[in-house]
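> The structure file model-v2.txt (compact mmCIF, C-alpha atoms) is provided below.
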# COMPACT_ATOMS: atom_id res chain seq x y z
CA MET X 1 103.42 77.82 102.83
CA GLY X 2 100.52 77.80 100.40
CA GLY X 3 100.06 75.22 97.71
CA SER X 4 98.85 76.85 94.50
CA LEU X 5 102.18 76.04 92.78
CA ARG X 6 103.00 72.80 94.58
CA ASN X 7 105.38 70.61 92.55
CA LYS X 8 105.74 73.29 89.86
CA VAL X 9 109.19 74.29 88.60
CA ALA X 10 109.70 77.98 87.83
CA VAL X 11 112.45 80.08 86.27
CA VAL X 12 112.48 83.77 87.17
CA THR X 13 115.02 85.90 85.32
CA GLY X 14 116.55 88.88 87.11
CA SER X 15 115.39 87.56 90.48
CA GLY X 16 118.27 88.64 92.71
CA GLN X 17 116.43 91.75 93.86
CA GLY X 18 113.37 93.93 93.37
CA LEU X 19 110.40 92.54 91.49
CA GLY X 20 112.11 89.31 90.46
CA LYS X 21 113.05 88.51 94.04
CA ALA X 22 109.47 89.12 95.17
CA PHE X 23 108.16 86.77 92.45
CA ALA X 24 110.66 84.01 93.25
CA VAL X 25 109.99 84.14 97.01
CA ASN X 26 106.21 84.14 96.54
CA PHE X 27 106.45 81.22 94.12
CA ALA X 28 108.39 79.24 96.72
CA GLU X 29 105.87 80.14 99.41
CA GLU X 30 103.23 78.57 97.17
CA GLY X 31 105.23 75.37 96.78
CA ALA X 32 107.23 75.94 93.59
CA ARG X 33 110.87 74.98 93.11
CA VAL X 34 112.63 78.02 91.73
CA VAL X 35 115.62 78.77 89.51
CA VAL X 36 116.92 82.16 90.64
CA ASN X 37 118.87 84.11 88.02
CA ASP X 38 121.04 87.20 88.01
CA LEU X 39 123.73 88.59 85.73
CA SER X 40 126.69 87.79 87.98
CA PRO X 41 127.53 87.23 91.66
CA GLN X 42 129.13 90.68 91.70
CA GLU X 43 126.10 92.54 90.32
CA GLY X 44 123.24 90.58 91.84
CA THR X 45 122.08 88.95 95.01
CA ALA X 46 120.61 85.73 93.65
CA GLU X 47 122.32 83.70 96.35
CA LYS X 48 120.52 85.75 99.00
CA THR X 49 117.19 85.16 97.30
CA ALA X 50 117.86 81.43 97.07
CA LYS X 51 118.97 81.31 100.72
CA LEU X 52 115.82 83.09 101.82
CA ILE X 53 113.74 80.50 99.96
CA LYS X 54 115.71 77.60 101.46
CA ASP X 55 115.59 79.05 104.98
CA ASN X 56 111.80 79.09 104.66
CA GLY X 57 111.73 75.42 103.67
CA GLY X 58 111.65 75.83 99.90
CA GLU X 59 113.87 74.62 97.07
CA ALA X 60 115.97 76.88 94.87
CA ILE X 61 119.09 76.94 92.75
CA THR X 62 121.00 79.89 91.31
CA VAL X 63 122.17 80.29 87.72
CA TYR X 64 124.21 83.37 86.81
CA GLY X 65 124.46 84.76 83.31
CA ASP X 66 123.25 87.23 80.67
CA VAL X 67 119.81 86.52 79.22
CA GLY X 68 120.83 88.55 76.18
CA SER X 69 122.71 85.42 75.08
CA MET X 70 120.84 82.60 73.35
CA ALA X 71 123.38 80.08 74.60
CA PHE X 72 122.91 81.18 78.19
CA CYS X 73 119.12 81.08 77.98
CA GLU X 74 119.31 77.50 76.75
CA LYS X 75 121.55 76.75 79.74
CA LEU X 76 119.18 78.53 82.14
CA ILE X 77 116.11 76.61 81.04
CA GLY X 78 118.19 73.44 80.91
CA ALA X 79 119.18 73.91 84.55
CA ALA X 80 115.55 73.64 85.63
CA ILE X 81 115.00 70.54 83.53
CA ASP X 82 118.27 68.90 84.59
CA THR X 83 117.61 69.59 88.27
CA TRP X 84 113.90 68.84 88.57
CA GLY X 85 112.95 67.23 85.27
CA THR X 86 110.71 69.97 83.91
CA ILE X 87 109.85 73.64 83.65
CA ASP X 88 106.27 74.70 84.30
CA VAL X 89 106.57 78.47 84.72
CA LEU X 90 108.80 81.12 83.14
CA VAL X 91 108.83 84.75 84.25
CA ASN X 92 110.77 87.01 81.89
CA ASN X 93 111.63 89.79 84.31
CA ALA X 94 115.29 90.72 83.69
CA GLY X 95 115.83 94.29 82.58
CA VAL X 96 118.38 97.06 82.27
CA ASN X 97 118.25 100.82 81.74
CA ARG X 98 120.51 103.01 79.59
CA ASP X 99 118.51 106.23 79.54
CA LYS X 100 119.31 108.97 77.01
CA MET X 101 117.39 111.15 74.62
CA VAL X 102 117.16 109.59 71.19
CA TRP X 103 119.53 112.13 69.56
CA ASN X 104 122.23 111.26 72.11
CA MET X 105 121.80 107.50 72.22
CA SER X 106 124.63 105.24 71.06
CA GLU X 107 124.33 101.88 69.35
CA GLU X 108 125.76 100.29 72.50
CA ASP X 109 123.06 101.91 74.67
CA TRP X 110 120.37 100.66 72.30
CA ASP X 111 121.70 97.12 72.00
CA ALA X 112 122.36 96.69 75.73
CA VAL X 113 118.70 97.30 76.60
CA VAL X 114 117.08 95.58 73.62
CA ASP X 115 119.27 92.49 74.05
CA VAL X 116 118.33 91.95 77.69
CA VAL X 117 114.69 93.05 77.65
CA LEU X 118 113.45 91.87 74.25
CA LYS X 119 115.94 89.29 73.02
CA GLY X 120 116.18 87.81 76.52
CA THR X 121 112.41 87.43 76.68
CA PHE X 122 112.42 85.73 73.28
CA ALA X 123 115.38 83.46 73.99
CA CYS X 124 114.13 82.14 77.34
CA THR X 125 110.65 81.66 75.88
CA ARG X 126 112.06 79.86 72.87
CA PHE X 127 113.69 77.12 74.98
CA ALA X 128 111.03 76.95 77.69
CA SER X 129 108.13 76.69 75.25
CA ALA X 130 109.76 73.82 73.36
CA HIS X 131 109.75 71.77 76.57
CA MET X 132 106.30 72.98 77.64
CA ARG X 133 104.79 71.88 74.31
CA LYS X 134 106.14 68.37 74.82
CA GLN X 135 104.66 68.12 78.30
CA GLY X 136 101.35 69.69 77.26
CA GLY X 137 101.23 72.89 79.26
CA GLY X 138 102.94 75.76 81.00
CA ARG X 139 102.77 79.39 82.01
CA ILE X 140 104.85 82.26 80.63
CA ILE X 141 104.59 85.72 82.21
CA ASN X 142 106.41 88.63 80.60
CA ILE X 143 107.17 91.78 82.55
CA THR X 144 106.67 94.88 80.43
CA SER X 145 106.32 98.53 81.45
CA GLN X 146 104.16 101.59 81.11
CA ALA X 147 107.05 102.87 78.98
CA GLY X 148 106.20 100.19 76.42
CA ILE X 149 102.56 101.32 76.34
CA SER X 150 102.80 105.10 76.50
CA GLY X 151 106.51 105.72 75.86
CA ASN X 152 109.01 107.73 77.92
CA SER X 153 110.87 110.53 76.13
CA GLY X 154 114.27 109.69 77.62
CA GLN X 155 113.91 105.94 77.16
CA PRO X 156 113.57 105.19 73.43
CA ASN X 157 115.49 101.91 73.82
CA TYR X 158 113.57 100.77 76.93
CA SER X 159 110.21 101.89 75.52
CA ALA X 160 110.85 100.06 72.24
CA ALA X 161 111.99 96.88 73.98
CA LYS X 162 109.10 96.82 76.45
CA GLY X 163 106.63 97.63 73.66
CA GLY X 164 108.12 94.72 71.74
CA VAL X 165 107.49 92.47 74.73
CA ILE X 166 103.77 93.24 74.46
CA GLY X 167 103.63 92.31 70.77
CA PHE X 168 105.73 89.23 71.47
CA THR X 169 103.30 88.20 74.23
CA LYS X 170 100.34 88.46 71.86
CA SER X 171 102.09 86.42 69.18
CA CYS X 172 103.17 83.67 71.56
CA ALA X 173 99.74 83.46 73.15
CA LEU X 174 98.26 82.69 69.74
CA ALA X 175 100.98 80.19 68.88
CA LEU X 176 101.12 78.34 72.19
CA GLY X 177 97.57 78.49 73.55
CA ARG X 178 96.45 75.29 71.83
CA SER X 179 99.33 73.48 73.52
CA GLY X 180 98.00 74.40 76.95
CA ILE X 181 100.54 77.19 77.42
CA THR X 182 99.36 80.65 78.44
CA VAL X 183 101.41 83.78 77.79
CA ASN X 184 100.49 87.02 79.54
CA ALA X 185 102.20 90.32 80.30
CA ILE X 186 102.19 92.62 83.31
CA ALA X 187 103.18 96.28 83.41
CA PRO X 188 104.06 96.69 87.11
CA GLN X 189 104.69 99.84 89.04
CA ALA X 190 106.62 99.40 92.28
CA ASP X 191 109.26 101.02 94.45
CA THR X 192 112.27 99.36 92.82
CA ARG X 193 115.83 100.66 92.41
CA ILE X 194 114.89 102.02 88.96
CA TRP X 195 112.04 104.10 90.36
CA ARG X 196 114.31 105.30 93.18
CA THR X 197 116.16 107.36 90.57
CA VAL X 198 113.02 109.51 90.23
CA THR X 199 113.11 112.59 92.46
CA PRO X 200 110.44 112.90 95.17
CA GLU X 201 108.95 115.87 93.31
CA ARG X 202 108.70 113.92 90.08
CA ALA X 203 107.25 110.92 91.93
CA ARG X 204 104.48 113.09 93.35
CA GLU X 205 103.79 114.57 89.91
CA MET X 206 103.59 111.12 88.31
CA GLY X 207 101.28 109.87 91.03
CA VAL X 208 98.85 112.74 90.46
CA THR X 209 99.06 112.56 86.65
CA ARG X 210 98.35 108.82 86.65
CA GLY X 211 95.45 109.15 89.06
CA LEU X 212 97.15 107.13 91.80
CA ILE X 213 96.92 109.91 94.40
CA THR X 214 95.35 113.35 94.65
CA ALA X 215 97.40 116.55 94.70
CA ASP X 216 96.48 117.07 98.36
CA GLU X 217 97.60 113.55 99.26
CA ALA X 218 100.86 113.99 97.35
CA ALA X 219 101.73 117.18 99.20
CA LYS X 220 101.41 115.45 102.58
CA ILE X 221 103.76 112.51 101.83
CA PRO X 222 107.30 112.88 103.27
CA ASP X 223 110.14 112.61 100.74
CA GLU X 224 111.45 109.38 102.27
CA GLU X 225 108.06 107.67 101.87
CA VAL X 226 106.85 109.05 98.55
CA HIS X 227 108.21 106.30 96.27
CA ALA X 228 106.58 103.49 98.23
CA LYS X 229 103.33 105.44 98.68
CA VAL X 230 103.05 106.34 94.99
CA PHE X 231 104.49 103.28 93.29
CA GLY X 232 103.69 100.59 95.85
CA LEU X 233 106.00 97.69 96.75
CA SER X 234 107.43 94.80 94.74
CA ASP X 235 105.69 92.38 97.09
CA ASP X 236 102.35 93.89 96.03
CA ILE X 237 102.86 92.62 92.46
CA ALA X 238 103.86 89.06 93.35
CA PRO X 239 100.38 87.60 94.06
CA LEU X 240 99.15 88.47 90.55
CA VAL X 241 102.21 86.83 88.98
CA THR X 242 101.70 83.75 91.15
CA TYR X 243 98.02 83.60 90.25
CA LEU X 244 98.78 83.76 86.52
CA ALA X 245 101.36 80.99 87.03
CA GLY X 246 98.81 78.66 88.62
CA ASP X 247 96.18 76.25 87.37
CA HIS X 248 93.27 78.60 88.11
CA ALA X 249 94.46 81.00 85.38
CA GLY X 250 94.45 78.36 82.66
CA ASN X 251 92.01 80.26 80.44
CA ILE X 252 93.70 83.67 80.73
CA ASN X 253 95.91 84.07 77.67
CA GLY X 254 97.35 86.93 75.64
CA GLN X 255 96.33 89.59 78.17
CA LEU X 256 98.09 92.72 79.42
CA PHE X 257 97.72 93.71 83.07
CA PHE X 258 98.74 96.72 85.14
CA ALA X 259 99.56 96.27 88.82
CA SER X 260 100.60 98.75 91.51
CA GLY X 261 99.94 98.54 95.24
CA GLY X 262 96.43 97.20 95.68
CA ARG X 263 95.37 98.12 92.15
CA ILE X 264 95.18 95.54 89.34
CA SER X 265 93.86 96.52 85.92
CA ILE X 266 93.49 94.77 82.58
CA TYR X 267 94.01 96.70 79.34
CA ALA X 268 91.45 96.66 76.56
CA GLN X 269 92.55 95.42 73.19
CA PRO X 270 93.44 98.27 70.77
CA ILE X 271 90.54 99.29 68.58
CA GLN X 272 90.14 101.52 65.54
CA GLU X 273 88.47 104.52 67.14
CA ARG X 274 87.52 106.46 63.99
CA SER X 275 87.65 105.84 60.26
CA ILE X 276 87.13 107.76 57.05
CA TYR X 277 86.18 106.19 53.72
CA SER X 278 86.46 107.05 50.06
CA LYS X 279 85.36 105.12 46.98
CA GLU X 280 88.55 106.27 45.27
CA ARG X 281 92.13 106.64 46.49
CA TRP X 282 92.49 109.64 48.80
CA THR X 283 94.39 112.64 47.52
CA VAL X 284 96.74 114.57 49.78
CA LYS X 285 94.60 117.69 49.36
CA GLU X 286 91.49 115.80 50.48
CA LEU X 287 93.32 114.46 53.54
CA GLU X 288 94.55 117.93 54.45
CA LEU X 289 90.92 119.03 54.60
CA ILE X 290 89.18 116.05 56.18
CA VAL X 291 91.68 114.46 58.61
CA PRO X 292 91.74 117.38 61.09
CA VAL X 293 87.92 117.48 61.10
CA ALA X 294 86.85 113.84 60.95
CA LEU X 295 89.82 111.77 62.16
CA THR X 296 92.05 113.66 64.60
CA SER X 297 89.62 116.27 65.96
CA GLY X 298 89.87 116.46 69.75
CA ILE X 299 92.98 114.27 69.90
CA LEU X 300 95.75 116.03 71.79
CA ASN X 301 99.39 116.21 70.78
CA PRO X 302 101.26 114.75 73.80
CA ALA X 303 104.22 117.07 73.25
CA PRO X 304 103.21 120.10 71.19
CA ALA X 305 105.90 122.37 69.79
CA PRO X 306 106.11 125.98 71.00
CA PRO X 307 103.90 128.32 68.94
CA ALA X 308 106.95 129.75 67.14
CA LEU X 309 107.75 126.28 65.74
CA GLN X 310 104.23 125.21 64.89
CA LYS X 311 103.25 125.15 61.23
CA GLY X 312 100.03 124.70 59.40
CA PRO X 313 96.75 126.57 59.00
Can the structure from this file be put into structure tokens for me?

Amino acid sequence: MGGSLRNKVAVVTGSGQGLGKAFAVNFAEEGARVVVNDLSPQEGTAEKTAKLIKDNGGEAITVYGDVGSMAFCEKLIGAAIDTWGTIDVLVNNAGVNRDKMVWNMSEEDWDAVVDVVLKGTFACTRFASAHMRKQGGGRIINITSQAGISGNSGQPNYSAAKGGVIGFTKSCALALGRSGITVNAIAPQADTRIWRTVTPERAREMGVTRGLITADEAAKIPDEEVHAKVFGLSDDIAPLVTYLAGDHAGNINGQLFFASGGRISIYAQPIQERSIYSKERWTVKELELIVPVALTSGILNPAPAPPALQKGP
């Protein structure tokens, strides 16, 4: 066991399997006492995660329930405080997918994802931060996604929720930083059950497109190994989460990271790349002439319409 989180108390939502499990186990290996959470005993394996921690000499409890409920999130954070007297670290990891194209998506599909991913992140943070402010410090790490940064066409609900997590992270970092609480976000890429739904062919394509592997390397990877080779493993992400949860990361706040395999990146803050100015209010006719030349020249449409559907000069 290490000691970077010795005597810390951590809550990790959605930690019965995948990324959450990796975070919880690594926390315990570094000395933290961990609240392991999953939706229900039938749908998760939180007990197995907790048993693994205990078998390795750590401390853990399990709390089942839906983080899309404010009442449950209060109970979840309360379980850490009731059991060990405090909460020092919160990882908002729980997620769910209901993938459909936007024109086919139901209200239920939208709400199911937004409630767990975005509302759950808010609700757990709301109750954890109240306690952290009283004790004068804490760490909150929100798990977002590349879908929240770049968007995925068949995931309007997931992309919106994960994008919201990024904005929420920035807001909370500003609000809580002066209380000694840091709030950061990570967009991980790992071989989880969600990524396993991607076909081997699509996995290779994504790896090449994102610059993770070359086309020659992709062609040589067997189907049964391609997800792990392209996306990396959940255990690869855990050390970054543990680092951000520790004392050495006390001055890192409001940042967005990417992590996959052995690669860790930090995103630049959005900037205004180009601007146009007028002493008077712009007219539509003026914008029709100048925007394509001075503002959007060289910027590619990520999904251009076929030539037969394109309009304009």
> Near segment 35-44 of chain X, within 9 Å and counting all atoms listed in the file, which residues show up once chain neighbours fewer than 2 positions away are dropped, as a PyMOL selection string?
chain X and resi 9-17+20-21+24+33+46-47+49-50+59-67+76-77+79-80+94
> Just checking: using all atoms listed in the file, which residue out of X:Asn56, X:Gln146, X:Asn251, X:Thr214 ends up closest to Val183 of chain X?
X:Asn251
> Between X:Gly137, X:Gly261, X:Pro239, X:Gly211, which one has atoms that come closest to Ala22 of chain X, using only C-alpha atoms?
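Among X:Gly137, X:Gly261, X:Pro239, X:Gly211, it is X:Pro239 that comes nearest to Ala22 of chain X.
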> If I take atom CA of Leu5 of chain X and atom CA of Phe27 of chain X, how far is one from the other in Å, to one decimal?
6.8 Å
> List the spatial neighbours of Arg133 of chain X as a VMD selection string - criterion: any atom at most 10 Å away, only C-alpha atoms, same-chain residues fewer than 4 positions off excluded.
chain X and resid 128 to 129 137 to 138 176 to 181
> Do you have the atom CA of Glu217 of chain X-atom CA of Glu205 of chain X distance handy?
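Atom CA of Glu205 of chain X lies at a distance of 11.3 Å from atom CA of Glu217 of chain X.
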> Which residues are near Ala303 of chain X? Cut-off 12 Å, all atoms listed in the file, ignore same chain within fewer than 5 positions. Put them as a list in words.
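Answer for this query is Gly151, Asn152, Ser153 and Gln310 of chain X.
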> What does the file look like for those residues with C-alpha atoms, as a compact mmCIF listing (two decimals), keeping the file's coordinate frame?

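File produced: result-v6.txt:
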# COMPACT_ATOMS: atom_id res chain seq x y z
CA GLY X 151 106.51 105.72 75.86
CA ASN X 152 109.01 107.73 77.92
CA SER X 153 110.87 110.53 76.13
CA GLN X 310 104.23 125.21 64.89
> Tell me which of X:Met105, X:Asp247, X:Leu287, X:Lys119 sits closest to Arg6 of chain X, counting only C-alpha atoms.
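Between X:Met105, X:Asp247, X:Leu287, X:Lys119, the residue approaching Arg6 of chain X most closely is X:Asp247.
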> Counting all atoms listed in the file, which residues have an atom no more than 7 Å from (104.0, 101.2, 96.6) in the file's coordinates? Please list them as a compact mmCIF listing (two decimals) with C-alpha atoms, in the coordinates of the input.

# COMPACT_ATOMS: atom_id res chain seq x y z
CA ALA X 190 106.62 99.40 92.28
CA ASP X 191 109.26 101.02 94.45
CA HIS X 227 108.21 106.30 96.27
CA ALA X 228 106.58 103.49 98.23
CA LYS X 229 103.33 105.44 98.68
CA VAL X 230 103.05 106.34 94.99
CA PHE X 231 104.49 103.28 93.29
CA GLY X 232 103.69 100.59 95.85
CA LEU X 233 106.00 97.69 96.75
CA SER X 260 100.60 98.75 91.51
CA GLY X 261 99.94 98.54 95.24
> With C-alpha atoms as the atom set, please write segment 242-304 of chain X from the structure just given, as an mmCIF file, in the first residue's frame.

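Output contents, as saved in out.cif:
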data_model
loop_
_atom_site.group_PDB
_atom_site.id
_atom_site.type_symbol
_atom_site.label_atom_id
_atom_site.label_comp_id
_atom_site.auth_asym_id
_atom_site.auth_seq_id
_atom_site.Cartn_x
_atom_site.Cartn_y
_atom_site.Cartn_z
ATOM 1 C CA THR X 242 -5.526 9.543 -7.272
ATOM 2 C CA TYR X 243 -2.944 12.262 -7.861
ATOM 3 C CA LEU X 244 -5.639 14.933 -8.250
ATOM 4 C CA ALA X 245 -7.245 13.638 -5.038
ATOM 5 C CA GLY X 246 -4.048 14.086 -3.042
ATOM 6 C CA ASP X 247 -2.329 16.945 -1.265
ATOM 7 C CA HIS X 248 0.282 17.450 -3.995
ATOM 8 C CA ALA X 249 -2.418 18.651 -6.412
ATOM 9 C CA GLY X 250 -3.671 21.387 -4.105
ATOM 10 C CA ASN X 251 -3.027 24.180 -6.612
ATOM 11 C CA ILE X 252 -4.591 22.441 -9.625
ATOM 12 C CA ASN X 253 -8.141 23.731 -9.943
ATOM 13 C CA GLY X 254 -10.711 24.146 -12.701
ATOM 14 C CA GLN X 255 -8.717 22.111 -15.228
ATOM 15 C CA LEU X 256 -9.781 19.591 -17.859
ATOM 16 C CA PHE X 257 -7.559 16.577 -18.529
ATOM 17 C CA PHE X 258 -7.548 13.784 -21.096
ATOM 18 C CA ALA X 259 -6.164 10.377 -20.147
ATOM 19 C CA SER X 260 -5.779 7.156 -22.123
ATOM 20 C CA GLY X 261 -3.170 4.439 -21.662
ATOM 21 C CA GLY X 262 0.115 6.174 -20.910
ATOM 22 C CA ARG X 263 -1.026 9.502 -22.348
ATOM 23 C CA ILE X 264 -2.172 12.388 -20.136
ATOM 24 C CA SER X 265 -3.039 15.752 -21.667
ATOM 25 C CA ILE X 266 -4.412 19.034 -20.353
ATOM 26 C CA TYR X 267 -6.796 21.100 -22.474
ATOM 27 C CA ALA X 268 -6.194 24.769 -23.159
ATOM 28 C CA GLN X 269 -8.848 27.207 -22.093
ATOM 29 C CA PRO X 270 -11.172 28.235 -24.973
ATOM 30 C CA ILE X 271 -10.054 31.400 -26.699
ATOM 31 C CA GLN X 272 -11.597 33.734 -29.257
ATOM 32 C CA GLU X 273 -9.604 32.762 -32.329
ATOM 33 C CA ARG X 274 -10.719 35.524 -34.710
ATOM 34 C CA SER X 275 -12.817 38.670 -34.452
ATOM 35 C CA ILE X 276 -14.322 41.261 -36.745
ATOM 36 C CA TYR X 277 -15.213 44.806 -35.702
ATOM 37 C CA SER X 278 -17.536 47.547 -36.861
ATOM 38 C CA LYS X 279 -18.137 51.029 -35.473
ATOM 39 C CA GLU X 280 -21.831 50.549 -36.210
ATOM 40 C CA ARG X 281 -24.168 47.583 -35.833
ATOM 41 C CA TRP X 282 -23.478 44.942 -38.478
ATOM 42 C CA THR X 283 -26.032 44.466 -41.218
ATOM 43 C CA VAL X 284 -26.921 41.001 -42.469
ATOM 44 C CA LYS X 285 -25.656 41.922 -45.937
ATOM 45 C CA GLU X 286 -22.289 42.968 -44.521
ATOM 46 C CA LEU X 287 -22.001 39.707 -42.578
ATOM 47 C CA GLU X 288 -22.846 37.686 -45.678
ATOM 48 C CA LEU X 289 -19.845 39.281 -47.374
ATOM 49 C CA ILE X 290 -17.262 39.416 -44.596
ATOM 50 C CA VAL X 291 -17.857 36.367 -42.359
ATOM 51 C CA PRO X 292 -16.810 33.753 -44.960
ATOM 52 C CA VAL X 293 -13.651 35.747 -45.725
ATOM 53 C CA ALA X 294 -12.508 37.088 -42.356
ATOM 54 C CA LEU X 295 -14.120 34.878 -39.689
ATOM 55 C CA THR X 296 -14.804 31.337 -40.914
ATOM 56 C CA SER X 297 -12.281 31.028 -43.757
ATOM 57 C CA GLY X 298 -10.424 27.716 -43.515
ATOM 58 C CA ILE X 299 -12.726 26.337 -40.819
ATOM 59 C CA LEU X 300 -14.147 22.994 -41.875
ATOM 60 C CA ASN X 301 -17.747 21.882 -41.511
ATOM 61 C CA PRO X 302 -17.510 18.648 -39.454
ATOM 62 C CA ALA X 303 -20.485 17.117 -41.269
ATOM 63 C CA PRO X 304 -21.049 18.826 -44.627
#
